[in-house]
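What follows is coords_6.cif (mmCIF, C-alpha atoms and all ligand atoms).
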```cif
data_upload
#
loop_
_atom_site.label_atom_id
_atom_site.label_comp_id
_atom_site.auth_asym_id
_atom_site.auth_seq_id
_atom_site.Cartn_x
_atom_site.Cartn_y
_atom_site.Cartn_z
CA MET A 47 0.00 0.00 0.00
CA THR A 48 1.27 3.48 -0.85
CA LYS A 49 2.17 5.53 2.18
CA THR A 50 0.85 9.05 2.65
CA VAL A 51 3.64 11.55 2.01
CA ILE A 52 4.20 14.36 4.51
CA ALA A 53 6.49 17.25 3.56
CA LEU A 54 9.02 18.03 6.26
CA ALA A 55 11.17 21.16 6.31
CA ALA A 56 13.13 23.20 8.83
CA ASP A 57 15.88 25.77 9.19
CA HIS A 58 18.98 25.10 11.30
CA ALA A 59 17.13 25.85 14.54
CA GLY A 60 14.38 23.43 13.63
CA PHE A 61 16.70 20.77 12.19
CA PRO A 62 17.03 18.60 15.34
CA LEU A 63 13.25 18.56 15.81
CA LYS A 64 12.74 17.78 12.11
CA GLU A 65 14.86 14.66 12.52
CA VAL A 66 12.79 13.55 15.53
CA LEU A 67 9.54 14.15 13.64
CA GLY A 68 10.80 12.34 10.55
CA ASP A 69 11.39 9.25 12.68
CA GLU A 70 7.97 9.67 14.28
CA LEU A 71 6.32 9.91 10.87
CA ARG A 72 7.95 6.65 9.80
CA VAL A 73 6.81 4.95 13.02
CA LEU A 74 3.27 6.15 12.33
CA GLY A 75 3.37 4.71 8.80
CA TYR A 76 3.86 7.91 6.81
CA GLU A 77 6.57 8.70 4.27
CA PRO A 78 8.44 11.92 5.06
CA LEU A 79 9.45 14.08 2.10
CA ASP A 80 12.52 15.71 3.63
CA LEU A 81 13.06 19.13 2.05
CA GLY A 82 15.94 20.09 4.32
CA THR A 83 17.81 21.64 5.87
CA HIS A 84 20.16 18.77 6.55
CA GLY A 85 22.42 20.12 9.28
CA LEU A 86 23.07 22.83 11.84
CA ASP A 87 24.70 25.35 9.47
CA SER A 88 22.80 28.62 9.42
CA VAL A 89 20.20 28.92 6.65
CA ASP A 90 17.19 31.16 5.96
CA TYR A 91 13.86 29.88 7.27
CA PRO A 92 11.73 31.32 4.40
CA ASP A 93 13.43 29.03 1.88
CA PHE A 94 12.14 26.02 3.78
CA GLY A 95 8.68 27.41 4.47
CA HIS A 96 8.29 28.06 0.75
CA ALA A 97 9.58 24.59 -0.15
CA ALA A 98 7.05 22.87 2.11
CA ALA A 99 4.21 25.07 0.87
CA LEU A 100 5.00 24.25 -2.77
CA ALA A 101 5.22 20.52 -2.04
CA VAL A 102 1.70 20.61 -0.59
CA LEU A 103 0.26 22.87 -3.30
CA GLU A 104 1.78 20.80 -6.09
CA GLY A 105 0.41 17.57 -4.59
CA ARG A 106 3.81 16.06 -3.81
CA ALA A 107 2.71 15.81 -0.17
CA ALA A 108 -0.68 15.52 1.49
CA LEU A 109 0.29 17.73 4.41
CA GLY A 110 3.41 19.48 5.70
CA VAL A 111 5.34 19.90 8.91
CA ILE A 112 7.73 22.83 9.31
CA CYS A 113 10.03 23.86 12.15
CA CYS A 114 12.19 26.85 12.95
CA GLY A 115 13.30 28.28 16.28
CA THR A 116 9.93 29.74 17.18
CA GLY A 117 7.86 28.40 14.30
CA ILE A 118 6.88 31.99 13.56
CA GLY A 119 9.09 32.93 10.64
CA ILE A 120 8.74 29.68 8.73
CA SER A 121 4.93 29.72 9.13
CA MET A 122 4.80 33.35 7.95
CA ALA A 123 6.64 32.33 4.78
CA ALA A 124 4.45 29.28 4.14
CA ASN A 125 1.29 31.32 4.67
CA LYS A 126 2.23 33.69 1.83
CA HIS A 127 1.08 30.93 -0.54
CA ARG A 128 -2.61 31.04 -1.43
CA GLY A 129 -4.22 27.80 -0.30
CA ILE A 130 -1.69 27.13 2.43
CA ARG A 131 -2.94 27.25 6.00
CA ALA A 132 0.09 26.79 8.21
CA ALA A 133 -0.81 26.64 11.90
CA LEU A 134 1.72 27.40 14.60
CA CYS A 135 0.83 24.97 17.38
CA HIS A 136 2.09 24.57 20.90
CA ASP A 137 0.21 21.54 22.18
CA ALA A 138 -2.04 18.70 21.05
CA THR A 139 -5.15 20.85 21.50
CA THR A 140 -4.02 23.60 19.14
CA ALA A 141 -2.85 20.97 16.65
CA ARG A 142 -6.20 19.16 16.79
CA LEU A 143 -8.25 22.34 16.45
CA ALA A 144 -6.04 23.60 13.62
CA ARG A 145 -7.20 20.61 11.61
CA GLU A 146 -10.79 20.43 12.90
CA HIS A 147 -11.68 24.14 12.61
CA ASN A 148 -9.12 25.62 10.22
CA ASP A 149 -8.35 22.72 7.87
CA ALA A 150 -4.68 23.52 8.39
CA ASN A 151 -2.51 21.77 5.82
CA ILE A 152 0.82 22.55 7.44
CA LEU A 153 1.79 22.10 11.09
CA ALA A 154 4.37 24.64 12.27
CA LEU A 155 6.39 24.06 15.43
CA GLY A 156 8.95 26.10 17.34
CA ALA A 157 11.87 23.86 18.17
CA ARG A 158 13.13 26.31 20.81
CA ILE A 159 9.66 26.60 22.32
CA VAL A 160 8.17 23.13 22.59
CA GLY A 161 9.92 19.99 23.79
CA THR A 162 10.19 16.93 21.61
CA GLU A 163 7.44 15.02 23.44
CA VAL A 164 5.00 17.91 23.05
CA ALA A 165 6.00 18.20 19.39
CA ARG A 166 5.32 14.48 18.90
CA ASP A 167 1.90 14.94 20.56
CA CYS A 168 1.19 17.83 18.18
CA LEU A 169 2.16 15.74 15.18
CA ARG A 170 0.00 12.79 16.21
CA ALA A 171 -3.02 15.03 16.94
CA PHE A 172 -2.57 16.91 13.66
CA LEU A 173 -2.43 13.72 11.58
CA ALA A 174 -5.27 11.99 13.40
CA THR A 175 -7.81 14.80 13.11
CA PRO A 176 -9.98 15.38 10.03
CA PHE A 177 -11.40 18.76 9.05
CA GLY A 178 -14.76 19.24 10.76
CA GLY A 179 -16.46 20.86 7.75
CA GLY A 180 -19.92 22.30 8.32
CA ARG A 181 -19.86 25.85 9.69
CA HIS A 182 -16.08 25.91 9.32
CA GLU A 183 -16.19 25.55 5.51
CA SER A 184 -17.18 29.12 4.67
CA ARG A 185 -14.88 30.55 7.32
CA VAL A 186 -11.90 28.70 5.93
CA ALA A 187 -12.86 29.86 2.42
CA LYS A 188 -12.75 33.46 3.65
CA ILE A 189 -9.11 33.12 4.65
CA ASP A 190 -8.04 33.38 1.01
CA HIS A 191 -10.73 35.91 0.13
CA VAL A 192 -9.05 38.42 2.42
CA ARG A 193 -6.62 39.23 -0.39
CA THR A 194 -9.48 40.46 -2.57
CA LYS A 195 -12.23 43.05 -2.26
CA GLU A 196 -14.64 40.18 -1.50
CA ALA A 197 -13.44 40.31 2.09
CA VAL A 198 -15.02 43.70 2.79
CA ARG A 199 -18.37 43.05 1.12
C1 LIG B 201 16.98 31.46 13.64
O1 LIG B 201 17.91 31.96 14.54
C2 LIG B 201 15.59 31.93 14.03
O2 LIG B 201 15.46 33.29 13.83
C3 LIG B 201 14.53 31.16 13.25
O3 LIG B 201 14.70 29.79 13.45
C4 LIG B 201 13.08 31.42 13.60
O4 LIG B 201 12.88 31.34 14.97
C5 LIG B 201 12.48 32.62 12.99
O5 LIG B 201 11.28 32.87 13.11
#
```

Please rewrite the model in this file as structure tokens.
Ligand code: RB5
Amino acid sequence: MTKTVIALAADHAGFPLKEVLGDELRVLGYEPLDLGTHGLDSVDYPDFGHAAALAVLEGRAALGVICCGTGIGISMAANKHRGIRAALCHDATTARLAREHNDANILALGARIVGTEVARDCLRAFLATPFGGGRHESRVAKIDHVRTKEAVR
């Protein structure tokens, strides 16, 4: 059976957590698509946020997981892409609700903020939770409409 592919990307600050989460993905039966970085040398977090966003938008991955020091910069970069909803999560509850209410397609984590066990909990909750649909559908649709005049009508 083909495994579901999950894009995985991080800057140097997020690199150690990315390695942990790659292993966790394999344990859970997913196939990580590792988009780097591959070491502790300093790199620019937007490059990796963009790479994960494109992998999801182009259908090379079903979902994405991105890490930087805080999770802030890399999620800002990913969220510049229309159709990407990167959610910066700090615990299993925010990860679950990001999927259930916001149909988040990328999980963002701050490697200097959350410990590895909490990050694993976030990953498991994110992957296990489907979008709730219903009243959340039109709200999620409005996220992209904000870039057009439709948002103020
Ligand atoms: C790198 O030092 C750090 O600025 C980056 O990982 C991230 O936290 C930015 O938002």

Shell around His147 (chain A) at 7 Å using only C-alpha atoms, local window under 3 positions removed, as a tab-separated table (two decimals) with C-alpha atoms, keeping the file's coordinate frame:
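Listing of around.tsv after writing:
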```
chain	number	residue	atom	x	y	z
A	143	LEU	CA	-8.25	22.34	16.45
A	144	ALA	CA	-6.04	23.60	13.62
A	177	PHE	CA	-11.40	18.76	9.05
A	178	GLY	CA	-14.76	19.24	10.76
A	182	HIS	CA	-16.08	25.91	9.32
```

**Selection: 9 Å around region 148-160 of chain A, all atoms listed in the file, excl. self and same-chain fewer than 5 positions, as JSON, numbers by chain** = {"A": [53, 59, 60, 61, 62, 63, 64, 98, 99, 102, 108, 109, 110, 111, 112, 113, 114, 115, 116, 117, 118, 120, 121, 124, 129, 130, 131, 132, 133, 134, 135, 136, 137, 141, 143, 165, 168, 169, 172, 176, 177, 178, 179, 182, 183, 185, 186]}

Could you write those residues out with C-alpha atoms, as a short mmCIF file (atom, residue, chain, number, x, y, z; two decimals), in the frame of the given file?
```cif
data_model
loop_
_atom_site.label_atom_id
_atom_site.label_comp_id
_atom_site.auth_asym_id
_atom_site.auth_seq_id
_atom_site.Cartn_x
_atom_site.Cartn_y
_atom_site.Cartn_z
CA ALA A 53 6.49 17.25 3.56
CA ALA A 59 17.13 25.85 14.54
CA GLY A 60 14.38 23.43 13.63
CA PHE A 61 16.70 20.77 12.19
CA PRO A 62 17.03 18.60 15.34
CA LEU A 63 13.25 18.56 15.81
CA LYS A 64 12.74 17.78 12.11
CA ALA A 98 7.05 22.87 2.11
CA ALA A 99 4.21 25.07 0.87
CA VAL A 102 1.70 20.61 -0.59
CA ALA A 108 -0.68 15.52 1.49
CA LEU A 109 0.29 17.73 4.41
CA GLY A 110 3.41 19.48 5.70
CA VAL A 111 5.34 19.90 8.91
CA ILE A 112 7.73 22.83 9.31
CA CYS A 113 10.03 23.86 12.15
CA CYS A 114 12.19 26.85 12.95
CA GLY A 115 13.30 28.28 16.28
CA THR A 116 9.93 29.74 17.18
CA GLY A 117 7.86 28.40 14.30
CA ILE A 118 6.88 31.99 13.56
CA ILE A 120 8.74 29.68 8.73
CA SER A 121 4.93 29.72 9.13
CA ALA A 124 4.45 29.28 4.14
CA GLY A 129 -4.22 27.80 -0.30
CA ILE A 130 -1.69 27.13 2.43
CA ARG A 131 -2.94 27.25 6.00
CA ALA A 132 0.09 26.79 8.21
CA ALA A 133 -0.81 26.64 11.90
CA LEU A 134 1.72 27.40 14.60
CA CYS A 135 0.83 24.97 17.38
CA HIS A 136 2.09 24.57 20.90
CA ASP A 137 0.21 21.54 22.18
CA ALA A 141 -2.85 20.97 16.65
CA LEU A 143 -8.25 22.34 16.45
CA ALA A 165 6.00 18.20 19.39
CA CYS A 168 1.19 17.83 18.18
CA LEU A 169 2.16 15.74 15.18
CA PHE A 172 -2.57 16.91 13.66
CA PRO A 176 -9.98 15.38 10.03
CA PHE A 177 -11.40 18.76 9.05
CA GLY A 178 -14.76 19.24 10.76
CA GLY A 179 -16.46 20.86 7.75
CA HIS A 182 -16.08 25.91 9.32
CA GLU A 183 -16.19 25.55 5.51
CA ARG A 185 -14.88 30.55 7.32
CA VAL A 186 -11.90 28.70 5.93
#
```

The centre and edge lengths of an axis-aligned box containing all atoms of ligand LIG 201 (chain B) present in the file, extended by 5 Å on each side, are to be given in Å to one decimal, as AutoDock Vina command-line options.
```
--center_x 14.6 --center_y 31.5 --center_z 14.0 --size_x 16.6 --size_y 13.5 --size_z 12.0
```

**Request:** Name all residues at most 10 Å from Val66 (chain A) (count all atoms listed in the file; drop same-chain ones fewer than 6 positions away) and give them as a PyMOL selection string.
**Result:** chain A and resi 162-163+165-166

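Coordinates place CA of Val164 (chain A) at a distance of 28.8 Å from CA of Arg128 (chain A).
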
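From CA of Arg170 (chain A) back to CA of Leu74 (chain A), the distance works out to 8.4 Å.
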
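CA of Leu173 (chain A) lies 16.8 Å from CA of Arg106 (chain A).
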
Nearby residues (only C-alpha atoms) at most 6 Å from Val51 (chain A), same-chain spacing under 5 positions excluded, as a PDB file with C-alpha atoms, keeping the file's coordinate frame:
```
ATOM      1  CA  GLU A  77       6.570   8.700   4.270  1.00  0.00           C
ATOM      2  CA  PRO A  78       8.440  11.920   5.060  1.00  0.00           C
ATOM      3  CA  ALA A 107       2.710  15.810  -0.170  1.00  0.00           C
ATOM      4  CA  ALA A 108      -0.680  15.520   1.490  1.00  0.00           C
TER       5      ALA A 108
END
```
